[in-house]
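Novice: Before I ask anything, let me first share the structure, which is written out below as structure tokens.
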Amino acid sequence: MTRIKFTEQLSDLNNEMIQMGSLCESAIDTCVDALLNSDVSMVKVVSQREREIDEKESEITALCMKMLLHQQPVASDLRQISAALKMVTDLERIGDQADDIGEMIAYTADHKHGEYSLIQKMGLATKKMVRDSIDAFVKQDEKLACDVIKYDDVVDDLFISLKKVVIEAINKKEIDGEYASDLLMIAKYFERIGDHAVNVAEWVEYSITGVHRRDEQE
Amino acid sequence: MNKTIFRAVLLSCCIVMVFSLVFTLFFLNSYFTGMEFATLQAQAELTGEAVEKAGTTFFDDFDSDVYRVTWVAEDGTVIYDTAANAAEMDNHASRQEIMDAMQFGYGQSRRLSDTIAEETLYSAVRLDDGSVVRLSLTQHSVFRLTLGVIPYMIAVLALAFILCMFISKWISRRIIEPLNNLDLDNPLDNETYEEISPLLVRIDNQNRQIAKQIDTIRYRQKEFNAITDNMREGMIILNNADLIVSINSSAVKLFGGSQAVVGKNILVLERSLEFMNALDEVKKNGRSEYFFERNGFVNRLIANRIHDEKNNKTIGTCILIVDETEKVLSEGMRREFSANVSHELKTPLHSILAASELLMNNLVKEEDKSSFINRIHSEAEHLVTLVEDIIRLSQLDETKEFPKESVDLAEIASSVFDALSKSADEKHVTLKKDVDDIKINSVPRLVYEIIFNLCDNAVRYNREGGYVELSIKKGPDAIAISVRDNGIGIPAEHQARIFERFYRVDTSHSRSTGGTGLGLSIVKHAALVLNAQVKLTSREGEGSVFIVSFPLDCLIG
């Protein structure tokens with residue numbers, strides 16, 4: 001007997017996840033665009049996205065719970081649902097942090113030094129990670145998920161070199177303290193978004209293979 | 001079916017088994033009772049004879065636990081009984097066996113005792129004096145017997161049941177096997193039960209019909225794919241659940257997927273928020289449209305609801321993606337052109353206005369007046385040239401056919417040089433020409449425009465003491481008009497764009513050189529109308545060469 005309702009719900013879940021991913025992508029894209037063009041007017045869009053992402057999160061969680069209770073899924077279906085439950089948390093965090101970055105861009109957009117180009121680079125790298133992790137989910141592409149996990153090193157390295165540059169600039173008294181701290185905060189948020197993208201990619205891997213990276217390493 | 005057959009066989013086995021067991025039991029019981037009666041009868045006859053001879057004294061020696069003997073008088077009163085006191089016993093005349101014995105000489109009967117577990121067999125013989133001797137024997141009833149047999153019966157039944165199960169399983173498998181092994185792809189090749197052959201024939205017919213229909217559908221699909229795959233526009237058809245039913249190669253290329261997405265949700269292919277909004281809007285309003293940029297191309301996406309008129313319901317969505325890059329670009333260029341035109345027209349006008357206002361209010365010293373008037377004159381002249389150029393260009397844009405006539409290239413070259421000699425002298429630029437006597441069938445005015453504008457530019461963007469060399473030669477496959485100078489040259493990054501209207505290498509739009517920014521645009525258009533090719537080689541600081549090649553077929557003589 002095929003479970004028509006259940007199959008429908010599963011494909012609904014998949015679509016909702018893609019939509020939530022797309023919202024996250026849009027939030028971070030807008031952030032990075034604002035950063036590249038020093039355009040503060042886009043910040044409002046980011047917080048709007050953040051609210052939409054929150055709504056989607058509760059929708060997806062409710063759907064997952066409903067399926068777990070009413071349909072009692074097993075095997076790969078259960079894996080898909082539990083992975084989705086984990087992924088929405090990470091996606092929601094990505095949305096929150098994009099919103100935080102949006103707020104801070106307003107304070108930093110006037111300045112343009114060497115370190116600003118580094119943060120732009122970080123933004124682009126993080127954007128790529130988020131996009132690829134969602135792509136990996138959409139296409140159920142294990143290799144792409146693996147690439148995202150590896151790409152995290154790039155963002156981490158950028159964060160470290162940005163930190164060095166900022167410290168140097170502070171020592172030389174080239175930038176004021178407030179700007180420096182804002183810059184570091186933005187960089188940290190980007191770095192965290194990268195980590196969340198890695199988490200998403202790991203759950204994608206898990207939903208395909210049934211083995212989570214963390215368990216494998218133990 | 002396997003199960004049904006198995007159950008039927010098992011059930012019938014069990015029923016037969018139970019029936020035969022019960023039947024056997026009853027048969028045996030009645031057989032043994034018959035035997036018992038026969039023995040009892042013999043015993044009764046013997047006892048009767050003994051009683052007849054010995055009278056009551058027979059009973060004195062009688063000693064048996066098995067048999068009970070009763071002697072009944074002709075009137076039914078009991079004379080003697082071995083088990084009870086005869087005086088206390090009822091009249092026995094109404095007992096079945098006694099009645100029978102009195103009537104026929106012998107009678108028998110059986111009765112259940114108070115407990116149904118036992119029954120008593122009676123056998124009675126009439127003596128010569130009319131009295132009756134009755135022998136009775138108490139034994140276990142059939143019921144009791146049956147009760148005793150039940151455990152064995154159950155054991156036998158269970159054993160038989162297990163056996164039956166195996167057998168019926170085997171039988172049902174044997175029956176089903178040929179059905180399971182049916183080759184439904186070639187139903188007529190099967191050798192199996194005759195009863196299902198009508199079914200097989202039917203299946204064969206349907207197989208053929210299905211194959212035929214699939215062929216038709218495949219052909220249609222191929223036809224459809226061939227049409228859609230050759231479209232430059234992307235086309236995607238979705239069903240009601242937004243699953244991709246069909247996608248052509250242009251759309252696959254645009255969204256970077258593969259044909260494997262057919263059957264999957266459209267969001268797998270494209271998940272931008274704009275796209276999702278468009279899908280929502282289609283569901284609400286039946287149509288939606290938006291522009292998006294991808295890989296440097298501007299595309300317009302049009303989504304339409306597919307409506308089934310007959311059943312009045314929506315069956316899906318059709319998405320068309322049209323490349324509008326050129327349209328958007330040309331729209332932008334047109335906007336830029338009108339902005340440029342107004343700017344170019346406004347600047348000299350402002351200059352004229354300012355100078356004339358100063359003159360009008362007598363704010364200019366007498367000795368400066370002539371220079372102001374000169375300024376007004378030169379700006380007005382520039383305006384006229386500009387307007388003339390614009391008119392020429394729009395004529396080229398609008399006119400499709402120009403009347404062709406014989407054109408003497410050498411003559412045109414001389415007239416161009418005459419027109420330019422003054423400005424060349426001013427800039428100290430030498431004009432050189434190397435012109436063959438060639439006549440072509442063309443439009444004289446356009447040929448003049450081409451040569452004039454190229455030479456004019458060469459003089460204008462030259463250096464002090466430079467030269468301009470015009471050569472018109474007949475080559476092996478074209479007539480080449482080349483204009484060479486050793487002027488300031490054109491930087492490589494600007495070379496692709498200098499034929500655009502109002503495009504200038506010097507972006508400050510300075511009119512120090514006096515050009516309108518339309519000359520090369522006119523050259524390009526005129527060449528296009530005359531079916532000629534314009535080629536440019538130039539190096540910054542070293543000069544430029546423009547070569548216009550006319551096809552040989554317009555040569556006269």
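Identifiers in the structure tokens: chain A, B, ... in order shown; residue index from 1 per chain; ligand index from 1 in order shown.
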For chain B against chain A, with a cut-off of 9 Å and counting only C-alpha atoms, what is the closest atom pair and its distance in Å to one decimal for every residue that makes the cut, ordered by chain and number, as CSV?
Specialist:
residue,atom,partner,partner_atom,distance
B:Asn265,CA,A:Asn15,CA,7.8
B:Leu267,CA,A:Ile18,CA,6.9
B:Val268,CA,A:Val138,CA,5.5
B:Leu269,CA,A:Val138,CA,8.5
B:Arg271,CA,A:Ser22,CA,6.0
B:Ser272,CA,A:Ser22,CA,6.1
B:Leu273,CA,A:Ser22,CA,6.6
B:Met276,CA,A:Gln19,CA,8.1
Novice: Write a file of the selected residues as a compact mmCIF listing (two decimals), in the first residue's frame, keeping N, CA and C atoms.
Specialist:
# COMPACT_ATOMS: atom_id res chain seq x y z
N ASN B 265 10.49 18.36 -8.66
CA ASN B 265 9.88 19.65 -8.42
C ASN B 265 10.70 20.75 -9.08
N LEU B 267 11.43 23.56 -8.07
CA LEU B 267 12.32 24.27 -7.15
C LEU B 267 13.72 23.68 -7.15
N VAL B 268 13.83 22.42 -7.56
CA VAL B 268 15.15 21.80 -7.64
C VAL B 268 15.98 22.54 -8.70
N LEU B 269 15.29 23.04 -9.72
CA LEU B 269 15.98 23.69 -10.82
C LEU B 269 16.23 25.16 -10.52
N ARG B 271 15.30 28.28 -7.57
CA ARG B 271 14.66 28.52 -6.28
C ARG B 271 14.76 29.98 -5.86
N SER B 272 14.97 30.91 -6.83
CA SER B 272 15.06 32.30 -6.42
C SER B 272 13.69 32.78 -5.94
N LEU B 273 13.71 33.76 -5.05
CA LEU B 273 12.46 34.24 -4.46
C LEU B 273 11.53 34.80 -5.53
N MET B 276 9.70 31.99 -7.12
CA MET B 276 8.64 31.44 -6.27
C MET B 276 7.44 32.37 -6.26
Novice: Can you tell me, as a VMD selection string, what residues are no more than 12 Å from His377 (chain B) when counting only C-alpha atoms, ignoring any on the same chain fewer than 6 positions away?
Specialist: chain B and resid 348 to 349 351 to 353 355 to 356 370 to 371 383 to 384
Novice: With only C-alpha atoms as the basis for distance, which of A:Trp203, A:Tyr116, A:Tyr179, A:Phe159 is at the shortest distance from Met104 (chain A)?
Specialist: A:Tyr179
Novice: Please provide the set of residues having any atom within 12 Å of Gln103 (chain B), restricted to only C-alpha atoms, with same-chain residues fewer than 6 positions apart removed, written as a ChimeraX atom specification.
Specialist: /B:74,93,96-97,124-127,130-132
Novice: Could you save those same residues with C-alpha atoms as a CSV table (one decimal), in the first residue's frame?
Specialist:
chain,number,residue,atom,x,y,z
B,74,GLU,CA,-47.4,-63.8,33.1
B,93,ALA,CA,-45.8,-55.8,32.0
B,96,GLN,CA,-40.9,-53.1,26.0
B,97,GLU,CA,-38.7,-56.2,26.1
B,124,ALA,CA,-36.2,-61.4,27.6
B,125,VAL,CA,-37.4,-65.0,26.8
B,126,ARG,CA,-40.9,-66.4,27.3
B,127,LEU,CA,-41.0,-69.7,29.1
B,130,GLY,CA,-46.0,-67.9,30.0
B,131,SER,CA,-43.6,-66.3,32.5
B,132,VAL,CA,-40.6,-64.4,31.2
Novice: Please provide as a short mmCIF file (atom, residue, chain, number, x, y, z; two decimals) with C-alpha atoms, in the first residue's frame all residues within 12 Å of Tyr206 (chain A), with the sequence filter that same-chain residues fewer than 4 positions apart are discarded (counting only C-alpha atoms).
Specialist:
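Written out: around13.cif:
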data_model
loop_
_atom_site.label_atom_id
_atom_site.label_comp_id
_atom_site.auth_asym_id
_atom_site.auth_seq_id
_atom_site.Cartn_x
_atom_site.Cartn_y
_atom_site.Cartn_z
CA SER A 76 15.44 6.84 5.02
CA LEU A 78 12.90 9.12 9.21
CA ARG A 79 16.43 10.18 8.32
CA GLN A 80 15.16 12.82 5.94
CA ILE A 81 12.79 14.22 8.56
CA SER A 82 15.29 14.22 11.40
CA ALA A 83 17.90 15.82 9.13
CA ALA A 84 15.35 18.49 8.16
CA LYS A 86 18.33 19.71 12.43
CA MET A 87 18.88 21.75 9.27
CA ALA A 136 23.79 20.10 -2.19
CA PHE A 137 20.50 19.66 -0.35
CA GLN A 140 21.12 15.59 -2.92
CA ASP A 141 24.72 15.92 -4.04
CA GLU A 142 27.08 14.24 -1.60
CA ALA A 145 28.25 18.80 0.48
CA CYS A 146 31.75 17.49 1.04
CA ASN A 199 26.36 21.88 9.55
CA VAL A 200 23.72 21.96 6.84
CA ALA A 201 26.10 20.18 4.46
CA GLU A 202 26.82 17.56 7.13
CA GLY A 210 22.85 7.55 6.94
CA VAL A 211 26.14 8.22 8.69
CA HIS A 212 26.94 11.53 10.31
CA ARG A 213 30.51 12.78 9.97
CA ARG A 214 30.73 13.27 13.74
CA ASP A 215 29.80 9.65 14.48
CA GLU A 216 32.16 8.38 11.86
#
Novice: Near region 463-478 of chain B, counting only C-alpha atoms, which residues have an atom at most 10 Å away, once you skip same-chain residues fewer than 6 positions from it, shown as a ChimeraX atom specification?
Specialist: /B:409-410,413,417,424-438,451,454-457,484-488,532-533,541,543-555
Novice: If you keep N, CA and C atoms, can you produce a file of those selected residues as a CSV table (one decimal), in the first residue's frame?
Specialist:
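Once written, part05.csv looks like this:
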chain,number,residue,atom,x,y,z
B,409,LEU,N,34.9,57.4,-58.0
B,409,LEU,CA,35.6,57.5,-56.6
B,409,LEU,C,36.6,58.6,-56.6
B,410,ALA,N,37.4,58.7,-57.8
B,410,ALA,CA,38.4,59.7,-57.8
B,410,ALA,C,37.9,61.1,-57.7
B,413,ALA,N,37.0,61.7,-54.1
B,413,ALA,CA,38.2,61.9,-53.3
B,413,ALA,C,38.6,63.4,-53.5
B,417,PHE,N,38.8,66.3,-50.5
B,417,PHE,CA,40.1,66.9,-50.2
B,417,PHE,C,39.9,68.5,-50.3
B,424,ALA,N,42.7,71.3,-42.8
B,424,ALA,CA,44.0,70.6,-42.8
B,424,ALA,C,45.2,71.7,-42.7
B,425,ASP,N,45.0,72.7,-43.4
B,425,ASP,CA,46.0,73.8,-43.4
B,425,ASP,C,46.1,74.4,-42.0
B,426,GLU,N,45.0,74.6,-41.4
B,426,GLU,CA,45.0,75.2,-40.0
B,426,GLU,C,45.8,74.3,-39.1
B,427,LYS,N,45.6,73.0,-39.2
B,427,LYS,CA,46.3,72.1,-38.3
B,427,LYS,C,47.7,71.6,-38.8
B,428,HIS,N,48.0,72.2,-39.9
B,428,HIS,CA,49.3,71.8,-40.6
B,428,HIS,C,49.4,70.3,-40.8
B,429,VAL,N,48.3,69.8,-41.4
B,429,VAL,CA,48.3,68.3,-41.7
B,429,VAL,C,48.3,68.2,-43.2
B,430,THR,N,49.2,67.3,-43.7
B,430,THR,CA,49.4,67.1,-45.1
B,430,THR,C,48.3,66.1,-45.6
B,431,LEU,N,47.7,66.4,-46.7
B,431,LEU,CA,46.7,65.5,-47.3
B,431,LEU,C,47.4,64.8,-48.5
B,432,LYS,N,47.4,63.5,-48.5
B,432,LYS,CA,48.0,62.8,-49.6
B,432,LYS,C,46.9,61.8,-50.2
B,433,LYS,N,46.9,61.6,-51.5
B,433,LYS,CA,46.0,60.7,-52.0
B,433,LYS,C,46.6,59.8,-53.1
B,434,ASP,N,46.2,58.6,-53.2
B,434,ASP,CA,46.7,57.6,-54.2
B,434,ASP,C,45.5,56.9,-54.6
B,435,VAL,N,44.8,57.5,-55.7
B,435,VAL,CA,43.5,57.0,-56.0
B,435,VAL,C,43.5,56.5,-57.5
B,436,ASP,N,43.1,55.2,-57.7
B,436,ASP,CA,42.9,54.7,-59.0
B,436,ASP,C,41.6,55.2,-59.6
B,437,ASP,N,41.5,55.1,-60.9
B,437,ASP,CA,40.3,55.6,-61.6
B,437,ASP,C,39.3,54.5,-61.6
B,438,ILE,N,38.4,54.5,-60.6
B,438,ILE,CA,37.5,53.4,-60.4
B,438,ILE,C,36.1,54.0,-60.3
B,451,ILE,N,33.8,58.7,-47.1
B,451,ILE,CA,35.2,59.2,-47.3
B,451,ILE,C,35.4,60.5,-46.5
B,454,LEU,N,35.7,59.8,-42.7
B,454,LEU,CA,36.9,59.2,-42.3
B,454,LEU,C,38.1,60.2,-42.4
B,455,CYS,N,38.1,60.9,-43.5
B,455,CYS,CA,39.2,61.9,-43.7
B,455,CYS,C,39.1,63.0,-42.7
B,456,ASP,N,37.9,63.5,-42.4
B,456,ASP,CA,37.6,64.6,-41.5
B,456,ASP,C,38.2,64.2,-40.1
B,457,ASN,N,37.8,62.9,-39.7
B,457,ASN,CA,38.3,62.4,-38.4
B,457,ASN,C,39.8,62.4,-38.4
B,484,ARG,N,44.6,56.5,-43.9
B,484,ARG,CA,45.7,56.2,-42.9
B,484,ARG,C,46.1,57.6,-42.4
B,485,ASP,N,46.4,57.6,-41.1
B,485,ASP,CA,47.0,58.8,-40.5
B,485,ASP,C,48.0,58.5,-39.5
B,486,ASN,N,48.8,59.4,-39.1
B,486,ASN,CA,49.8,59.2,-38.1
B,486,ASN,C,49.5,60.1,-36.9
B,487,GLY,N,48.2,60.1,-36.6
B,487,GLY,CA,47.7,61.0,-35.5
B,487,GLY,C,47.7,60.4,-34.1
B,488,ILE,N,46.8,60.7,-33.3
B,488,ILE,CA,46.9,60.3,-31.9
B,488,ILE,C,46.5,58.8,-31.7
B,532,ALA,N,29.1,47.3,-47.5
B,532,ALA,CA,30.5,47.4,-47.4
B,532,ALA,C,31.0,47.1,-46.0
B,533,GLN,N,32.3,46.6,-45.9
B,533,GLN,CA,32.8,46.3,-44.6
B,533,GLN,C,33.8,47.4,-44.1
B,541,GLY,N,48.8,56.6,-30.1
B,541,GLY,CA,50.0,57.4,-30.3
B,541,GLY,C,50.7,57.2,-31.6
B,543,GLY,N,48.8,56.3,-34.7
B,543,GLY,CA,47.9,56.6,-35.8
B,543,GLY,C,46.9,55.4,-36.1
B,544,SER,N,46.0,55.6,-37.0
B,544,SER,CA,45.0,54.6,-37.3
B,544,SER,C,44.8,54.4,-38.8
B,545,VAL,N,44.3,53.2,-39.1
B,545,VAL,CA,44.0,52.9,-40.5
B,545,VAL,C,42.5,52.4,-40.6
B,546,PHE,N,41.7,53.1,-41.3
B,546,PHE,CA,40.3,52.6,-41.5
B,546,PHE,C,40.3,52.1,-42.9
B,547,ILE,N,39.8,50.9,-43.1
B,547,ILE,CA,39.6,50.3,-44.5
B,547,ILE,C,38.2,50.0,-44.7
B,548,VAL,N,37.6,50.6,-45.8
B,548,VAL,CA,36.2,50.3,-46.2
B,548,VAL,C,36.3,49.5,-47.4
B,549,SER,N,35.8,48.2,-47.4
B,549,SER,CA,35.9,47.4,-48.6
B,549,SER,C,34.5,47.2,-49.2
B,550,PHE,N,34.4,47.6,-50.5
B,550,PHE,CA,33.2,47.4,-51.3
B,550,PHE,C,33.3,46.1,-52.0
B,551,PRO,N,32.2,45.3,-52.1
B,551,PRO,CA,32.3,44.1,-52.9
B,551,PRO,C,32.6,44.4,-54.4
B,552,LEU,N,33.3,43.5,-55.1
B,552,LEU,CA,33.7,43.7,-56.5
B,552,LEU,C,32.5,43.8,-57.4
B,553,ASP,N,31.3,43.2,-57.0
B,553,ASP,CA,30.2,43.2,-58.0
B,553,ASP,C,29.6,44.6,-58.2
B,554,CYS,N,30.0,45.6,-57.4
B,554,CYS,CA,29.4,46.9,-57.7
B,554,CYS,C,30.3,47.7,-58.7
B,555,LEU,N,31.4,47.1,-59.1
B,555,LEU,CA,32.4,47.7,-60.0
B,555,LEU,C,31.7,47.9,-61.4
Novice: Using DSSP assignments from the backbone, pull out every residue in region 310-354 of chain B that falls under alpha helix (DSSP H) and give it to me as a PyMOL selection string.
Specialist: chain B and resi 325-354
Novice: Taking N, CA and C atoms for each residue, export the selection above as a CSV table (one decimal), in the first residue's frame.
Specialist:
chain,number,residue,atom,x,y,z
B,325,THR,N,18.0,40.3,-24.0
B,325,THR,CA,19.2,41.1,-23.8
B,325,THR,C,19.3,42.2,-24.8
B,326,GLU,N,19.1,41.8,-26.1
B,326,GLU,CA,19.3,42.8,-27.2
B,326,GLU,C,18.3,43.9,-27.0
B,327,LYS,N,17.1,43.5,-26.7
B,327,LYS,CA,16.0,44.5,-26.6
B,327,LYS,C,16.3,45.5,-25.5
B,328,VAL,N,16.7,44.9,-24.4
B,328,VAL,CA,17.0,45.8,-23.2
B,328,VAL,C,18.2,46.7,-23.5
B,329,LEU,N,19.2,46.1,-24.2
B,329,LEU,CA,20.4,46.8,-24.5
B,329,LEU,C,20.1,48.0,-25.5
B,330,SER,N,19.3,47.6,-26.5
B,330,SER,CA,19.0,48.7,-27.5
B,330,SER,C,18.1,49.8,-26.9
B,331,GLU,N,17.3,49.3,-25.9
B,331,GLU,CA,16.5,50.3,-25.2
B,331,GLU,C,17.4,51.3,-24.5
B,332,GLY,N,18.4,50.7,-23.8
B,332,GLY,CA,19.3,51.5,-23.1
B,332,GLY,C,20.1,52.4,-24.0
B,333,MET,N,20.5,51.9,-25.2
B,333,MET,CA,21.2,52.7,-26.1
B,333,MET,C,20.4,53.9,-26.6
B,334,ARG,N,19.1,53.6,-26.9
B,334,ARG,CA,18.2,54.6,-27.3
B,334,ARG,C,18.1,55.7,-26.3
B,335,ARG,N,17.9,55.2,-25.0
B,335,ARG,CA,17.8,56.2,-24.0
B,335,ARG,C,19.1,57.1,-23.9
B,336,GLU,N,20.2,56.4,-24.0
B,336,GLU,CA,21.5,57.1,-23.9
B,336,GLU,C,21.6,58.1,-25.1
B,337,PHE,N,21.1,57.6,-26.3
B,337,PHE,CA,21.2,58.5,-27.4
B,337,PHE,C,20.4,59.8,-27.3
B,338,SER,N,19.2,59.6,-26.8
B,338,SER,CA,18.4,60.9,-26.6
B,338,SER,C,19.0,61.8,-25.6
B,339,ALA,N,19.5,61.1,-24.5
B,339,ALA,CA,20.2,61.9,-23.5
B,339,ALA,C,21.3,62.7,-24.1
B,340,ASN,N,22.1,61.9,-24.9
B,340,ASN,CA,23.3,62.6,-25.5
B,340,ASN,C,22.9,63.7,-26.4
B,341,VAL,N,21.8,63.4,-27.3
B,341,VAL,CA,21.4,64.4,-28.2
B,341,VAL,C,21.0,65.7,-27.5
B,342,SER,N,20.2,65.6,-26.4
B,342,SER,CA,19.8,66.8,-25.7
B,342,SER,C,21.0,67.5,-25.1
B,343,HIS,N,21.9,66.7,-24.6
B,343,HIS,CA,23.1,67.3,-24.0
B,343,HIS,C,24.0,68.0,-25.0
B,344,GLU,N,24.2,67.4,-26.2
B,344,GLU,CA,25.0,68.0,-27.2
B,344,GLU,C,24.4,69.2,-27.8
B,345,LEU,N,23.0,69.2,-27.8
B,345,LEU,CA,22.3,70.4,-28.4
B,345,LEU,C,22.3,71.5,-27.4
B,346,LYS,N,22.2,71.1,-26.1
B,346,LYS,CA,22.1,72.1,-25.0
B,346,LYS,C,23.4,73.0,-24.8
B,347,THR,N,24.5,72.3,-24.9
B,347,THR,CA,25.8,73.0,-24.6
B,347,THR,C,26.0,74.2,-25.5
B,348,PRO,N,26.0,74.0,-26.8
B,348,PRO,CA,26.3,75.2,-27.6
B,348,PRO,C,25.2,76.2,-27.5
B,349,LEU,N,23.9,75.8,-27.2
B,349,LEU,CA,22.9,76.8,-27.1
B,349,LEU,C,23.1,77.6,-25.8
B,350,HIS,N,23.5,77.0,-24.8
B,350,HIS,CA,23.8,77.7,-23.5
B,350,HIS,C,24.9,78.8,-23.8
B,351,SER,N,25.9,78.3,-24.5
B,351,SER,CA,27.0,79.2,-24.8
B,351,SER,C,26.5,80.4,-25.6
B,352,ILE,N,25.7,80.2,-26.6
B,352,ILE,CA,25.1,81.2,-27.4
B,352,ILE,C,24.3,82.2,-26.6
B,353,LEU,N,23.5,81.5,-25.7
B,353,LEU,CA,22.6,82.3,-24.9
B,353,LEU,C,23.4,83.2,-23.9
B,354,ALA,N,24.4,82.7,-23.3
B,354,ALA,CA,25.2,83.4,-22.4
B,354,ALA,C,25.9,84.6,-23.1
Novice: Tell me, in Å to one decimal, how far CA of Ile150 (chain B) is from CA of Val18 (chain B).
Specialist: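 According to the coordinates, CA of Ile150 (chain B) and CA of Val18 (chain B) are separated by 11.5 Å.
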